[in-house]
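Each remark here refers to the structure printed beneath this line.
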Amino acid sequence: MSLDSADRGAAPGSTRSADERSIRRGVRAVLLPGSGSDERFVRNVFSAVLRAFGITPVTPVPRPGPGVVDGYRAALDAAAAEPGALLVGGISLGAHVATAWAVRHRAELGERLRGVLVALPAWTGAADGAPAALAARATASLVRVGGVEAALAEAAAGAPAWLAAELRRAWPRYGAGLAPALEAAAAEPAPTASELARLDVPVGVAALTDDPVHPLPVARTWYAALPRAALDTETLAAFGADPGVVGRAAVLGWLRAGGNPAG
């Protein structure tokens with residue numbers, strides 16, 4: 001894991017001992033999957049490191065179809081309606097939706113909102129020609145023409161083995177809702193730089209140095225705009241071998257940015 005640039009916003013003397021880490025209780029982290037992905041993958045990315053810090057992961061099941069983003073927002077709203085401290089975040093689309101939600105609800109949540117975990121942001125503001133949005137639209141077109149199995153065959157042919165296996169597992173769960181879910185994801189704006197600048201909670205940003213679908217410059221744009229953030233990078237090969245490397249990067253970045261896991 002490599003630190004991409006200096007941490008900002010961490011309180012002086014915020015290094016935490018093993019004893020301090022062992023007594024944390026009461027924080028829940030609501031993590032949202034990327035487009036066409038599912039709760040199992042986002043759980044694999046984040047759960048181990050969160051549980052090591054005494055944080056309970058909450059991974060909502062995506063709602064297939066055009067309402068996938070509405071389902072994510074509903075899950076965040078439901079979590080906020082319960083008492084206790086919250087972290088929010090996710091991967092790609094999930095990170096976009098969770099961060100935008102955090103911007104909107106920061107004032108009302110106050111100290112209950114402990115921060116945001118951002119893994120692999122794919123664009124800033126409108127998607128326009130972002131690679132992830134183009135890929136989602138292209139896949140949706142394949143699904144509409146030939147069905148999920150045909151789209152899987154084409155996607156898996158050029159993908160690393162681990163990614164092909166994830167697609168084969170997750171996409172059939174969406175069924176007929178896969179194409180509209182991908183189209184909704186491609187149309188969903190991410191937070192703008194000015195919106196990110198208003199988010200004054202600790203944020204851990206994790207990116208891959210060599211992922212063409214989630215370009216590193218996007219993560220650097222997010223990092224530069226956020227008032228309290230740390231950015232860590234990993235490689236696509238490391239992520240494929242162990243998805244947890246990205247979760248660890250985001251969580252440890254959040255801690256360096258001043259995150260407090262204590263309930």
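Ordering of the structure tokens sets the chain letters (A, B, ...); residue numbers start at 1 within each chain; ligands are numbered from 1 in the order shown.
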Inset, instruction - Extract, using only C-alpha atoms, all DNA, RNA and protein residues at most 8 Å from Thr139 (chain A), discarding same-chain residues fewer than 3 positions from it, and format them as a list in words. - result: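 The filter keeps Ala135, Ala136, Leu142, Val143, Ala151, Ala179 and Leu182 of chain A.
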Inset, instruction - Would you mind writing down, as a PyMOL selection string, each residue of region 40-209 of chain A that DSSP on the backbone assigns to strand (DSSP E or B)? - result: chain A and resi 55-58+85-91+113-119+203-208
Inset, instruction - Using DSSP on the backbone coordinates, identify all residues within region 5-249 of chain A classified as alpha helix (DSSP H); present the result as a ChimeraX atom specification. - result: /A:18-21,39-52,68-81,93-109,131-146,148-157,161-174,178-187,193-196,216-225,236-241,244-249
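Note that CA of Phe41 (chain A) and CA of Val145 (chain A) are 26.9 Å apart.
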Inset, instruction - Rounded to one decimal place, report the CA of Val201 (chain A)-CA of Pro62 (chain A) distance in Å. - result: 26.0 Å
Inset, instruction - Rank A:Ile91, A:Ala133, A:Ala80, A:Ala225 by their smallest atom-to-atom distance to Asn44 (chain A), using only C-alpha atoms, and report the top residue only. - result: A:Ile91
Inset, instruction - Write out as a PyMOL selection string which residues come within 10 Å of Val246 (chain A) when counting only C-alpha atoms, dropping same-chain ones fewer than 3 positions away. - result: chain A and resi 1+45-46+91+118-120+205-208+232-236+238-239+242-243+249-252
Requested write-out: C-alpha atoms of the selected residues, as a tab-separated table (two decimals), in the first residue's frame:
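The resulting selection_18.tsv:
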```
chain	number	residue	atom	x	y	z
A	1	MET	CA	0.00	0.00	0.00
A	45	VAL	CA	-13.66	-5.53	0.29
A	46	PHE	CA	-14.50	-3.87	3.60
A	91	ILE	CA	-17.17	1.24	-4.41
A	118	VAL	CA	-14.46	6.09	-0.95
A	119	ALA	CA	-13.16	3.21	-3.08
A	120	LEU	CA	-12.46	3.70	-6.79
A	205	VAL	CA	-10.00	7.56	-0.61
A	206	ALA	CA	-8.63	4.37	-2.19
A	207	ALA	CA	-7.61	4.12	-5.83
A	208	LEU	CA	-5.73	1.80	-8.17
A	232	ASP	CA	-3.94	5.61	-0.76
A	233	THR	CA	-3.19	3.62	-3.89
A	234	GLU	CA	-2.92	-0.05	-4.74
A	235	THR	CA	-2.54	-1.97	-8.00
A	236	LEU	CA	-5.13	-3.82	-10.02
A	238	ALA	CA	-3.15	-6.66	-5.79
A	239	PHE	CA	-6.89	-5.94	-5.81
A	242	ASP	CA	-7.17	-9.76	-2.41
A	243	PRO	CA	-10.12	-7.35	-2.69
A	249	ALA	CA	-6.56	1.49	2.04
A	250	ALA	CA	-9.84	3.38	2.46
A	251	VAL	CA	-10.24	2.64	6.17
A	252	LEU	CA	-6.64	3.39	7.11
```
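The nearest approach to Pro121 (chain A) among the residues A:Arg173, A:Arg168, A:His96, A:Arg106, with only C-alpha atoms taken into account, belongs to A:His96.
With distances restricted to only C-alpha atoms, A:Pro60 is the closest residue to Val30 (chain A) from A:Pro60, A:Pro83, A:Gly115, A:Gly67.
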